[in-house]
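Colleague: Have a peek at entry_13.txt (compact mmCIF, C-alpha atoms and all ligand atoms).
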# COMPACT_ATOMS: atom_id res chain seq x y z
CA MET A 18 0.00 0.00 0.00
CA LEU A 19 1.47 3.31 -1.05
CA THR A 20 1.21 6.02 1.55
CA GLN A 21 0.84 9.61 0.48
CA ASN A 22 1.81 12.73 2.37
CA ALA A 23 0.53 12.64 5.92
CA THR A 24 -1.09 16.07 5.59
CA ALA A 25 -2.77 15.25 2.30
CA THR A 26 -6.49 15.55 2.07
CA ALA A 27 -8.37 12.47 0.94
CA PRO A 28 -6.91 11.55 -2.44
CA ALA A 29 -9.21 11.20 -5.41
CA ALA A 30 -8.07 7.57 -5.46
CA ALA A 31 -9.10 6.96 -1.83
CA ALA A 32 -11.70 4.34 -2.72
CA ALA A 33 -9.30 1.69 -4.01
CA PRO A 34 -6.02 0.73 -2.30
CA ILE A 35 -3.09 1.45 -4.55
CA ASP A 36 -0.89 -1.47 -5.57
CA PRO A 37 2.13 0.26 -7.10
CA ASP A 38 3.68 -3.06 -8.11
CA SER A 39 1.04 -3.66 -10.74
CA MET A 40 1.49 -0.27 -12.43
CA ILE A 41 3.15 -0.25 -15.82
CA CYS A 42 6.38 1.70 -16.06
CA TYR A 43 9.09 2.20 -18.65
CA PHE A 44 12.40 0.81 -17.46
CA GLU A 45 15.66 0.06 -19.27
CA GLY A 46 14.10 0.36 -22.70
CA ARG A 47 10.84 -1.55 -22.24
CA PHE A 48 7.43 -1.36 -20.62
CA ALA A 49 7.16 -3.54 -17.52
CA PRO A 50 5.21 -3.87 -14.28
CA LEU A 51 6.80 -1.81 -11.52
CA ARG A 52 7.64 -4.96 -9.58
CA GLU A 53 10.17 -5.87 -12.27
CA ALA A 54 11.90 -2.48 -12.30
CA LYS A 55 14.84 -3.07 -9.98
CA VAL A 56 18.31 -1.54 -9.82
CA SER A 57 21.49 -2.73 -8.12
CA ILE A 58 22.54 -1.11 -4.84
CA MET A 59 25.78 -0.29 -6.70
CA THR A 60 23.90 2.00 -9.10
CA HIS A 61 25.70 5.36 -9.09
CA ALA A 62 22.44 7.29 -8.65
CA PHE A 63 21.57 5.19 -5.61
CA MET A 64 24.96 5.74 -4.03
CA TYR A 65 25.37 9.45 -4.83
CA GLY A 66 21.95 10.89 -5.76
CA THR A 67 23.09 11.48 -9.35
CA ALA A 68 19.72 11.46 -11.05
CA VAL A 69 17.27 14.05 -12.31
CA PHE A 70 13.51 13.75 -12.42
CA GLU A 71 10.17 15.41 -13.08
CA GLY A 72 6.80 15.15 -11.42
CA ILE A 73 3.94 15.53 -13.88
CA ARG A 74 0.25 15.46 -13.08
CA ALA A 75 -2.51 13.94 -15.14
CA TYR A 76 -6.06 15.05 -14.35
CA TRP A 77 -9.14 12.94 -14.87
CA ASN A 78 -12.09 14.86 -16.31
CA GLU A 79 -15.17 12.93 -15.25
CA GLU A 80 -17.65 14.83 -17.46
CA GLN A 81 -15.58 14.29 -20.60
CA GLY A 82 -14.29 10.81 -19.67
CA GLN A 83 -10.86 12.14 -20.55
CA LEU A 84 -7.42 12.04 -18.92
CA TYR A 85 -5.25 15.14 -19.46
CA ALA A 86 -1.52 15.40 -18.74
CA LEU A 87 -0.49 18.87 -17.66
CA LYS A 88 2.32 20.79 -19.39
CA VAL A 89 4.17 17.66 -20.48
CA ARG A 90 6.39 19.45 -22.98
CA GLU A 91 7.49 21.99 -20.36
CA HIS A 92 8.46 19.16 -18.00
CA VAL A 93 10.31 17.43 -20.82
CA GLU A 94 12.21 20.62 -21.63
CA ARG A 95 13.12 21.05 -17.97
CA ILE A 96 14.35 17.48 -17.52
CA ARG A 97 16.48 17.85 -20.64
CA ASN A 98 18.02 20.96 -19.07
CA SER A 99 18.58 19.09 -15.80
CA CYS A 100 20.35 16.34 -17.81
CA LYS A 101 22.60 18.97 -19.35
CA VAL A 102 23.58 20.25 -15.91
CA LEU A 103 24.38 16.67 -14.75
CA LEU A 104 26.41 15.99 -17.91
CA MET A 105 24.04 13.44 -19.43
CA ALA A 106 24.23 13.51 -23.23
CA ASP A 107 22.18 11.85 -26.01
CA ILE A 108 18.86 12.51 -24.32
CA PRO A 109 15.78 11.70 -26.46
CA SER A 110 14.17 14.65 -28.25
CA VAL A 111 11.29 16.61 -26.75
CA ASP A 112 8.85 14.81 -29.07
CA GLU A 113 10.20 11.34 -28.28
CA LEU A 114 10.17 11.88 -24.53
CA THR A 115 6.73 13.46 -24.60
CA SER A 116 5.25 10.48 -26.47
CA LEU A 117 6.91 8.01 -24.12
CA ILE A 118 5.52 9.76 -21.04
CA VAL A 119 2.04 9.86 -22.55
CA GLU A 120 2.34 6.17 -23.46
CA VAL A 121 3.19 5.15 -19.88
CA ALA A 122 0.12 6.98 -18.60
CA ARG A 123 -2.03 5.48 -21.35
CA ARG A 124 -0.95 1.91 -20.59
CA ASN A 125 -2.07 2.28 -16.97
CA GLY A 126 -5.62 3.19 -18.00
CA PHE A 127 -6.15 5.63 -15.13
CA ARG A 128 -9.68 6.91 -14.60
CA GLN A 129 -8.54 9.14 -11.76
CA ASP A 130 -5.85 11.77 -11.16
CA ALA A 131 -2.33 10.44 -11.58
CA TYR A 132 1.31 11.35 -11.10
CA ILE A 133 3.93 10.56 -13.74
CA ARG A 134 7.60 10.57 -12.88
CA PRO A 135 10.30 10.36 -15.55
CA SER A 136 13.87 10.14 -14.29
CA PHE A 137 17.28 9.90 -15.91
CA TYR A 138 19.74 8.30 -13.54
CA LYS A 139 23.45 7.51 -13.62
CA SER A 140 23.23 3.76 -14.03
CA THR A 141 26.89 2.72 -14.01
CA ARG A 142 27.69 0.38 -11.12
CA ALA A 143 30.80 1.99 -9.75
CA ILE A 144 32.26 3.65 -6.71
CA GLY A 145 33.61 7.14 -7.41
CA VAL A 146 32.04 10.54 -6.98
CA LYS A 147 31.93 12.27 -10.35
CA LEU A 148 29.55 13.15 -13.14
CA HIS A 149 31.56 12.39 -16.27
CA GLY A 150 32.18 9.09 -17.98
CA LEU A 151 29.09 7.37 -16.60
CA GLU A 152 26.16 5.66 -18.34
CA HIS A 153 22.60 6.74 -17.71
CA GLN A 154 19.18 5.17 -18.07
CA LEU A 155 15.62 6.43 -18.11
CA TYR A 156 12.61 5.23 -16.19
CA VAL A 157 9.07 6.59 -16.30
CA LEU A 158 6.60 5.51 -13.66
CA ALA A 159 2.99 6.49 -13.09
CA LEU A 160 0.76 6.18 -10.05
CA PRO A 161 -2.70 7.30 -8.99
CA PHE A 162 -2.35 10.51 -6.98
CA GLY A 163 -4.60 12.87 -5.06
CA ASN A 164 -4.02 16.18 -3.31
CA TYR A 165 -0.52 16.55 -1.88
CA VAL A 166 -1.28 19.46 0.40
CA ASP A 167 -4.54 21.01 1.46
CA VAL A 168 -5.85 23.26 -1.28
CA ASP A 169 -9.26 24.02 0.24
CA THR A 170 -8.73 25.43 3.70
CA GLY A 171 -5.25 26.88 3.38
CA ILE A 172 -1.94 25.83 4.89
CA ARG A 173 0.10 27.01 7.87
CA VAL A 174 3.71 27.63 6.99
CA GLY A 175 6.80 27.92 9.18
CA THR A 176 10.22 29.33 8.27
CA VAL A 177 12.80 26.60 8.77
CA SER A 178 16.41 26.81 9.87
CA TRP A 179 17.67 24.90 6.81
CA ARG A 180 18.67 27.25 3.97
CA ARG A 181 18.01 26.57 0.29
CA VAL A 182 20.88 25.01 -1.67
CA GLN A 183 22.81 27.69 -3.56
CA ASP A 184 23.28 27.60 -7.33
CA ASP A 185 27.05 27.37 -6.94
CA ALA A 186 26.80 24.41 -4.54
CA LEU A 187 23.86 22.29 -5.73
CA PRO A 188 21.72 24.04 -8.35
CA ALA A 189 18.09 24.34 -7.28
CA ARG A 190 17.04 25.15 -10.85
CA SER A 191 17.65 21.52 -11.82
CA LYS A 192 15.52 18.76 -10.33
CA ILE A 193 18.45 16.73 -8.98
CA VAL A 194 17.47 13.78 -6.82
CA GLY A 195 20.27 14.35 -4.27
CA ALA A 196 19.13 17.94 -3.74
CA TYR A 197 15.81 16.70 -2.41
CA VAL A 198 17.50 15.85 0.88
CA ASN A 199 17.55 19.63 1.39
CA SER A 200 13.78 19.69 0.76
CA ALA A 201 13.31 16.75 3.12
CA PHE A 202 15.19 18.55 5.92
CA ALA A 203 12.94 21.57 5.40
CA LYS A 204 9.64 19.71 5.16
CA THR A 205 10.34 17.55 8.21
CA GLU A 206 11.46 20.46 10.36
CA ALA A 207 8.29 22.36 9.44
CA MET A 208 6.03 19.39 10.10
CA LEU A 209 7.68 18.37 13.37
CA ASN A 210 7.24 21.99 14.47
CA GLY A 211 3.51 21.67 13.79
CA PHE A 212 3.29 23.44 10.43
CA ASP A 213 1.99 22.07 7.14
CA GLU A 214 4.78 23.37 4.96
CA ALA A 215 8.20 25.02 5.12
CA LEU A 216 9.23 28.48 4.04
CA VAL A 217 12.87 28.09 3.02
CA LEU A 218 15.20 31.09 2.88
CA THR A 219 18.17 31.62 0.58
CA ALA A 220 21.65 31.79 2.14
CA ASP A 221 21.29 35.59 2.18
CA GLY A 222 17.94 35.45 3.96
CA HIS A 223 15.38 36.00 1.20
CA ALA A 224 12.29 33.83 0.88
CA SER A 225 13.05 31.29 -1.86
CA GLU A 226 10.31 28.67 -1.89
CA GLY A 227 8.59 25.86 0.01
CA SER A 228 10.01 22.34 0.24
CA ALA A 229 8.54 21.52 -3.18
CA GLU A 230 6.54 24.63 -4.11
CA ASN A 231 7.18 28.11 -5.42
CA LEU A 232 6.00 31.09 -3.42
CA PHE A 233 3.72 33.98 -4.35
CA ILE A 234 2.60 36.90 -2.18
CA VAL A 235 0.16 39.71 -2.90
CA ARG A 236 0.93 43.24 -1.75
CA ASP A 237 -1.32 46.16 -2.75
CA GLY A 238 -2.87 44.16 -5.57
CA ILE A 239 0.49 43.13 -7.06
CA LEU A 240 1.40 39.45 -7.33
CA ILE A 241 5.05 39.01 -6.36
CA THR A 242 7.28 35.94 -6.67
CA PRO A 243 11.03 35.44 -6.16
CA PRO A 244 13.14 35.66 -9.34
CA VAL A 245 14.76 32.57 -10.88
CA SER A 246 18.11 33.83 -9.54
CA ASP A 247 16.97 33.34 -5.90
CA ASP A 248 17.77 29.61 -5.76
CA ILE A 249 14.34 28.39 -6.75
CA LEU A 250 13.28 25.58 -9.01
CA GLU A 251 12.03 27.31 -12.15
CA GLY A 252 8.54 26.07 -11.51
CA ILE A 253 6.21 25.15 -14.34
CA THR A 254 3.19 25.97 -12.20
CA ARG A 255 4.84 29.30 -11.29
CA ALA A 256 5.14 30.15 -15.00
CA GLY A 257 1.52 29.09 -15.51
CA ILE A 258 0.33 31.31 -12.65
CA LEU A 259 2.12 34.28 -14.24
CA GLU A 260 0.25 33.47 -17.48
CA ILE A 261 -3.10 33.32 -15.65
CA ALA A 262 -2.32 36.59 -13.85
CA ALA A 263 -1.67 38.30 -17.19
CA GLU A 264 -5.03 37.07 -18.49
CA LEU A 265 -6.81 38.25 -15.31
CA LYS A 266 -4.99 41.61 -15.56
CA ILE A 267 -3.33 41.15 -12.18
CA PRO A 268 0.03 43.00 -12.19
CA THR A 269 3.03 40.78 -11.41
CA LEU A 270 6.57 41.35 -10.21
CA GLU A 271 9.49 38.92 -10.03
CA ARG A 272 11.77 40.21 -7.28
CA SER A 273 13.36 39.07 -4.04
CA ILE A 274 11.01 38.79 -1.07
CA ASP A 275 12.09 39.42 2.51
CA ARG A 276 10.95 36.99 5.21
CA THR A 277 8.81 39.59 6.98
CA GLU A 278 7.18 40.70 3.74
CA VAL A 279 5.34 37.39 3.88
CA TYR A 280 4.14 38.34 7.40
CA VAL A 281 2.67 41.63 6.19
CA ALA A 282 1.46 40.42 2.78
CA ASP A 283 -2.24 40.73 2.00
CA GLU A 284 -2.25 37.20 0.60
CA ALA A 285 0.17 34.35 -0.03
CA PHE A 286 0.08 30.99 -1.73
CA MET A 287 2.43 28.22 -2.73
CA CYS A 288 2.23 26.40 -6.02
CA GLY A 289 3.66 23.37 -7.72
CA THR A 290 2.71 20.26 -9.62
CA GLY A 291 2.07 18.40 -6.36
CA ALA A 292 0.77 21.30 -4.28
CA GLN A 293 -1.22 22.84 -7.18
CA VAL A 294 -2.35 26.21 -5.76
CA SER A 295 -2.22 26.06 -1.96
CA PRO A 296 -3.34 29.21 -0.13
CA VAL A 297 -1.11 30.14 2.82
CA ILE A 298 -3.26 31.42 5.68
CA GLU A 299 -0.60 31.63 8.38
CA VAL A 300 3.17 32.06 8.46
CA ASP A 301 5.32 31.78 11.60
CA HIS A 302 2.16 32.07 13.77
CA ARG A 303 1.04 35.27 12.02
CA ALA A 304 -2.17 35.36 10.01
CA VAL A 305 -1.56 36.22 6.37
CA GLY A 306 -3.96 39.08 5.56
CA SER A 307 -7.27 38.30 7.22
CA GLY A 308 -6.21 34.70 7.89
CA ALA A 309 -8.61 33.43 5.23
CA ILE A 310 -8.03 32.65 1.55
CA GLY A 311 -7.56 36.00 -0.23
CA PRO A 312 -9.57 37.13 -3.27
CA ILE A 313 -6.70 37.14 -5.77
CA THR A 314 -5.55 33.71 -4.58
CA ALA A 315 -9.10 32.38 -4.90
CA GLN A 316 -9.49 33.79 -8.40
CA ILE A 317 -6.21 32.26 -9.59
CA LYS A 318 -6.86 28.95 -7.87
CA ASP A 319 -10.32 28.57 -9.41
CA ARG A 320 -9.02 29.38 -12.86
CA TYR A 321 -6.11 26.96 -12.41
CA PHE A 322 -8.31 24.01 -11.41
CA ASP A 323 -10.61 24.59 -14.38
CA ILE A 324 -7.69 24.81 -16.79
CA VAL A 325 -5.88 21.67 -15.61
CA ARG A 326 -8.98 19.52 -16.06
CA GLY A 327 -9.25 20.68 -19.66
CA ARG A 328 -12.35 22.82 -19.11
CA VAL A 329 -10.98 26.05 -20.63
CA PRO A 330 -10.52 25.94 -24.42
CA GLU A 331 -8.20 28.99 -24.43
CA TYR A 332 -5.77 26.95 -22.35
CA SER A 333 -5.89 23.75 -24.38
CA HIS A 334 -2.16 24.20 -25.00
CA TRP A 335 -1.55 23.39 -21.29
CA VAL A 336 -3.03 19.92 -21.49
CA THR A 337 -2.30 16.81 -23.54
CA PRO A 338 -5.26 14.45 -23.91
CA ILE A 339 -4.09 10.92 -23.19
CA TYR A 340 -7.40 9.16 -23.99
N1 LIG A 401 10.27 23.99 -5.97
C1 LIG A 401 10.66 22.73 -5.71
C2 LIG A 401 11.86 22.51 -4.87
C3 LIG A 401 9.94 21.64 -6.23
O1 LIG A 401 10.32 20.40 -5.98
C4 LIG A 401 8.78 21.89 -7.01
C5 LIG A 401 7.98 20.73 -7.54
N2 LIG A 401 8.46 20.28 -8.76
C6 LIG A 401 8.43 23.21 -7.26
C7 LIG A 401 9.17 24.24 -6.72
C8 LIG A 401 7.27 23.53 -8.15
O2 LIG A 401 7.64 23.25 -9.47
P1 LIG A 401 6.58 22.77 -10.56
O3 LIG A 401 5.52 23.81 -10.59
O4 LIG A 401 7.35 22.73 -11.82
O5 LIG A 401 6.08 21.46 -10.13
Spell out the structure here as structure tokens.
Ligand code: PMP
Modeller:
Amino acid sequence: MLTQNATATAPAAAAAPIDPDSMICYFEGRFAPLREAKVSIMTHAFMYGTAVFEGIRAYWNEEQGQLYALKVREHVERIRNSCKVLLMADIPSVDELTSLIVEVARRNGFRQDAYIRPSFYKSTRAIGVKLHGLEHQLYVLALPFGNYVDVDTGIRVGTVSWRRVQDDALPARSKIVGAYVNSAFAKTEAMLNGFDEALVLTADGHASEGSAENLFIVRDGILITPPVSDDILEGITRAGILEIAAELKIPTLERSIDRTEVYVADEAFMCGTGAQVSPVIEVDHRAVGSGAIGPITAQIKDRYFDIVRGRVPEYSHWVTPIY
């Protein structure tokens, strides 16, 4: 039985227990049940965290009887960039990778929301910390998946003592598996301190992001988010929110955010593939705005959830119909 995040609200898949072993994945060049996808403990990625990955959501649209994958091409472009950073060459083209990811989802026949995870990993079985001169392999797995954090009532966030990895130490812009230990430190500290999510600061004390979400605040009607040079993952949801804001004529600003600006913001939310749009109602024991979900957050969140389920024709370029 696969467990999801302890704070997650009831997943869409709650009715049926999930047996991950029976899911179809792509592994070492073929489609196979997950139970057959095994690597050696000598695998470089297992020993040193030398792998990159993506988390992609697919949304089930009940009215249309249709499964939509969200922003697949953007995820494919980002994983190809992550591969470049980790010195992995000869990566399949955007079109090839996109079709493979769609095919894995299709073979699982989901009639519920799902999560698709492609990953390129250094597969050479060898001791030796380095990036060059190593083989890599690709896997793509897919699982049913519900809400990762609470999107309905708002989350309580706490600043953690762990700082975000710096670009010149372990680049946050690439989704590197080993870097997620930094996210794990942050998330666990926040949760053990009684919060739902972490606010992680950069080494120089600016708000960077959550453990796996980008941050937005609203001040005087302006939607503000940290720039890509503040040690954030260049979030695909973040880019989508900026697109929605432009459509809704909400002014936006990408600039550094001080910790206490979040305290005095009118509204705040975190966003990501997993977290979707999660309103932040409290930070470090201070109510954000009125302590309820703010109007701009609500407007963006509603639009987002309609778009991702393929209900908004103007945004059909965000979603890839799988079947
Ligand atoms: N920051 C981090 C550290 C993340 O892991 C994620 C989730 N991928 C995000 C931000 C949000 O990125 P995206 O919207 O592309 O999922």
Colleague: Could the residues that lie within 10 Å of ligand LIG 401 (chain A), counting only C-alpha atoms and all ligand atoms, be listed as a PyMOL selection string?
Modeller: chain A and resi 70-74+88+91-92+95+181-182+189-194+196-197+199-201+217+225-232+248-258+287-294
Colleague: Nearest residue to Gly308 of chain A out of A:Leu104, A:Ile58, A:Ile267, A:Ala282, using all atoms listed in the file?
Modeller: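 Under the stated criterion, the closest residue is A:Ala282.
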Colleague: Using all atoms listed in the file, pick whichever of A:Arg134, A:Lys101, A:His302, A:Lys266 has the shortest atom-to-atom distance to Ile317 of chain A.
Modeller: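 Using all atoms listed in the file, the shortest distance to Ile317 of chain A belongs to A:Lys266.
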Colleague: Quick one: distance from atom CA of Val235 of chain A to atom CA of Glu284 of chain A in Å, one decimal?
Modeller: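 Atom CA of Glu284 of chain A lies at a distance of 4.9 Å from atom CA of Val235 of chain A.
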Colleague: Counting only C-alpha atoms, figure out which residue out of A:Asp319, A:Asp221, A:Glu80, A:Asp237 gets nearest to Ser273 of chain A.
Modeller: A:Asp221
Colleague: Mind pulling up the distance from atom CA of Glu94 of chain A to atom CA of Arg142 of chain A?
Modeller: 27.6 Å
Colleague: Quick one: residues within 10 Å of segment 170-172 of chain A, only C-alpha atoms, excluding same-chain residues fewer than 3 positions away - as a list in words?
Modeller: Thr24, Val166, Asp167, Gly175, Phe212, Asp213, Glu214, Ala285, Phe286, Met287, Val294, Ser295, Pro296, Val297, Ile298, Glu299, Val300, Gly308, Ala309 and Ile310 of chain A
Colleague: Provide the atom CA of Val89 of chain A to atom CA of Tyr340 of chain A distance in Å, to one decimal place.
Modeller: 14.8 Å
Colleague: Check which residues of segment 113-214 of chain A sit at most 10 Å from segment 31-50 of chain A using only C-alpha atoms, and return one row each with the closest pair of atoms and their distance in Å to one decimal, ordered by chain and rising number, as a Markdown table.
Modeller:
| residue | atom | partner | partner_atom | distance |
| --- | --- | --- | --- | --- |
| A:Leu117 | CA | A:Tyr43 | CA | 8.3 |
| A:Ile118 | CA | A:Tyr43 | CA | 8.7 |
| A:Glu120 | CA | A:Tyr43 | CA | 9.2 |
| A:Val121 | CA | A:Cys42 | CA | 6.1 |
| A:Ala122 | CA | A:Ile41 | CA | 8.3 |
| A:Arg123 | CA | A:Ile41 | CA | 9.5 |
| A:Arg124 | CA | A:Ile41 | CA | 6.7 |
| A:Asn125 | CA | A:Ile41 | CA | 5.9 |
| A:Gly126 | CA | A:Ile41 | CA | 9.7 |
| A:Ile133 | CA | A:Cys42 | CA | 9.5 |
| A:Arg134 | CA | A:Cys42 | CA | 9.5 |
| A:Pro135 | CA | A:Tyr43 | CA | 8.8 |
| A:Ser136 | CA | A:Phe44 | CA | 10.0 |
| A:Ser140 | CA | A:Glu45 | CA | 9.9 |
| A:His153 | CA | A:Glu45 | CA | 9.8 |
| A:Gln154 | CA | A:Glu45 | CA | 6.3 |
| A:Leu155 | CA | A:Glu45 | CA | 6.5 |
| A:Tyr156 | CA | A:Phe44 | CA | 4.6 |
| A:Val157 | CA | A:Tyr43 | CA | 5.0 |
| A:Leu158 | CA | A:Cys42 | CA | 4.5 |
| A:Ala159 | CA | A:Cys42 | CA | 6.6 |
| A:Leu160 | CA | A:Pro37 | CA | 6.8 |
| A:Pro161 | CA | A:Ile35 | CA | 7.4 |
| A:Phe162 | CA | A:Ala31 | CA | 9.2 |
| A:Gly163 | CA | A:Ala31 | CA | 8.1 |
Colleague: Is there a way to get, as a PyMOL selection string, all residues within 8 Å of the point (0.6, 38.7, -8.2) in file coordinates, counting only C-alpha atoms?
Modeller: chain A and resi 233-236+238-242+259+262+267-270+313
Colleague: Could the residues in this selection be saved with C-alpha atoms as an mmCIF file, in the frame of the given file?
Modeller:
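Wrote result_1.cif, looks like this:
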data_model
loop_
_atom_site.group_PDB
_atom_site.id
_atom_site.type_symbol
_atom_site.label_atom_id
_atom_site.label_comp_id
_atom_site.auth_asym_id
_atom_site.auth_seq_id
_atom_site.Cartn_x
_atom_site.Cartn_y
_atom_site.Cartn_z
ATOM 1 C CA PHE A 233 3.720 33.980 -4.350
ATOM 2 C CA ILE A 234 2.600 36.900 -2.180
ATOM 3 C CA VAL A 235 0.160 39.710 -2.900
ATOM 4 C CA ARG A 236 0.930 43.240 -1.750
ATOM 5 C CA GLY A 238 -2.870 44.160 -5.570
ATOM 6 C CA ILE A 239 0.490 43.130 -7.060
ATOM 7 C CA LEU A 240 1.400 39.450 -7.330
ATOM 8 C CA ILE A 241 5.050 39.010 -6.360
ATOM 9 C CA THR A 242 7.280 35.940 -6.670
ATOM 10 C CA LEU A 259 2.120 34.280 -14.240
ATOM 11 C CA ALA A 262 -2.320 36.590 -13.850
ATOM 12 C CA ILE A 267 -3.330 41.150 -12.180
ATOM 13 C CA PRO A 268 0.030 43.000 -12.190
ATOM 14 C CA THR A 269 3.030 40.780 -11.410
ATOM 15 C CA LEU A 270 6.570 41.350 -10.210
ATOM 16 C CA ILE A 313 -6.700 37.140 -5.770
#
Colleague: Name all residues at most 8 Å from Ala75 of chain A (count only C-alpha atoms; drop same-chain ones fewer than 4 positions away) and give them as a tab-separated table (two decimals) with C-alpha atoms, keeping the file's coordinate frame.
Modeller:
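File produced: part_19.tsv:
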chain	number	residue	atom	x	y	z
A	84	LEU	CA	-7.42	12.04	-18.92
A	85	TYR	CA	-5.25	15.14	-19.46
A	86	ALA	CA	-1.52	15.40	-18.74
A	87	LEU	CA	-0.49	18.87	-17.66
A	130	ASP	CA	-5.85	11.77	-11.16
A	131	ALA	CA	-2.33	10.44	-11.58
A	132	TYR	CA	1.31	11.35	-11.10
A	133	ILE	CA	3.93	10.56	-13.74
Colleague: Excluding same-chain residues fewer than 6 positions from Gln83 of chain A, what lies within 10 Å of it counting only C-alpha atoms, as an mmCIF file with C-alpha atoms, in the frame of the given file?
Modeller:
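Ended up saving to part.cif:
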data_model
loop_
_atom_site.group_PDB
_atom_site.id
_atom_site.type_symbol
_atom_site.label_atom_id
_atom_site.label_comp_id
_atom_site.auth_asym_id
_atom_site.auth_seq_id
_atom_site.Cartn_x
_atom_site.Cartn_y
_atom_site.Cartn_z
ATOM 1 C CA TYR A 76 -6.060 15.050 -14.350
ATOM 2 C CA TRP A 77 -9.140 12.940 -14.870
ATOM 3 C CA PHE A 127 -6.150 5.630 -15.130
ATOM 4 C CA ARG A 128 -9.680 6.910 -14.600
ATOM 5 C CA GLN A 129 -8.540 9.140 -11.760
ATOM 6 C CA ARG A 326 -8.980 19.520 -16.060
ATOM 7 C CA GLY A 327 -9.250 20.680 -19.660
ATOM 8 C CA PRO A 338 -5.260 14.450 -23.910
ATOM 9 C CA ILE A 339 -4.090 10.920 -23.190
ATOM 10 C CA TYR A 340 -7.400 9.160 -23.990
#
Colleague: When you count all atoms listed in the file, which of these residues is closest to Val146 of chain A: A:His61, A:Arg90, A:Arg276, A:Arg328?
Modeller: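 Among the listed residues, the smallest separation from Val146 of chain A belongs to A:His61.
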Colleague: Closest to Ser246 of chain A among A:Tyr65, A:Phe322, A:Met208, A:Gln183, using all atoms listed in the file?
Modeller: A:Gln183
Colleague: Neighbourhood query: residues within 8 Å of (8.7, 22.0, 8.2), file coordinates, counting all atoms listed in the file; return as a short mmCIF file (atom, residue, chain, number, x, y, z; two decimals) with C-alpha atoms, in the frame of the given file.
Modeller:
data_model
loop_
_atom_site.label_atom_id
_atom_site.label_comp_id
_atom_site.auth_asym_id
_atom_site.auth_seq_id
_atom_site.Cartn_x
_atom_site.Cartn_y
_atom_site.Cartn_z
CA VAL A 174 3.71 27.63 6.99
CA GLY A 175 6.80 27.92 9.18
CA THR A 176 10.22 29.33 8.27
CA VAL A 177 12.80 26.60 8.77
CA PHE A 202 15.19 18.55 5.92
CA ALA A 203 12.94 21.57 5.40
CA LYS A 204 9.64 19.71 5.16
CA THR A 205 10.34 17.55 8.21
CA GLU A 206 11.46 20.46 10.36
CA ALA A 207 8.29 22.36 9.44
CA MET A 208 6.03 19.39 10.10
CA LEU A 209 7.68 18.37 13.37
CA ASN A 210 7.24 21.99 14.47
CA GLY A 211 3.51 21.67 13.79
CA PHE A 212 3.29 23.44 10.43
CA ASP A 213 1.99 22.07 7.14
CA GLU A 214 4.78 23.37 4.96
CA ALA A 215 8.20 25.02 5.12
CA LEU A 216 9.23 28.48 4.04
#
Colleague: Output segment 113-125 of chain A with N, CA and C atoms present, as a compact mmCIF listing (two decimals), in the coordinates of the input.
Modeller:
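Output (selection.txt):
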# COMPACT_ATOMS: atom_id res chain seq x y z
N GLU A 113 10.08 12.76 -28.68
CA GLU A 113 10.20 11.34 -28.28
C GLU A 113 9.86 11.14 -26.81
N LEU A 114 10.41 12.02 -25.98
CA LEU A 114 10.17 11.88 -24.53
C LEU A 114 8.71 12.14 -24.19
N THR A 115 8.13 13.14 -24.86
CA THR A 115 6.73 13.46 -24.60
C THR A 115 5.86 12.25 -24.94
N SER A 116 6.10 11.62 -26.11
CA SER A 116 5.25 10.48 -26.47
C SER A 116 5.45 9.31 -25.51
N LEU A 117 6.66 9.12 -25.04
CA LEU A 117 6.91 8.01 -24.12
C LEU A 117 6.16 8.22 -22.80
N ILE A 118 6.19 9.44 -22.31
CA ILE A 118 5.52 9.76 -21.04
C ILE A 118 4.00 9.55 -21.18
N VAL A 119 3.48 10.02 -22.29
CA VAL A 119 2.04 9.86 -22.55
C VAL A 119 1.69 8.37 -22.65
N GLU A 120 2.58 7.61 -23.28
CA GLU A 120 2.34 6.17 -23.46
C GLU A 120 2.31 5.42 -22.12
N VAL A 121 3.19 5.81 -21.20
CA VAL A 121 3.19 5.15 -19.88
C VAL A 121 1.86 5.42 -19.18
N ALA A 122 1.41 6.66 -19.23
CA ALA A 122 0.12 6.98 -18.60
C ALA A 122 -1.00 6.20 -19.26
N ARG A 123 -0.97 6.15 -20.60
CA ARG A 123 -2.03 5.48 -21.35
C ARG A 123 -2.12 4.00 -20.99
N ARG A 124 -0.96 3.36 -20.88
CA ARG A 124 -0.95 1.91 -20.59
C ARG A 124 -1.52 1.58 -19.21
N ASN A 125 -1.54 2.55 -18.31
CA ASN A 125 -2.07 2.28 -16.97
C ASN A 125 -3.58 2.48 -16.89
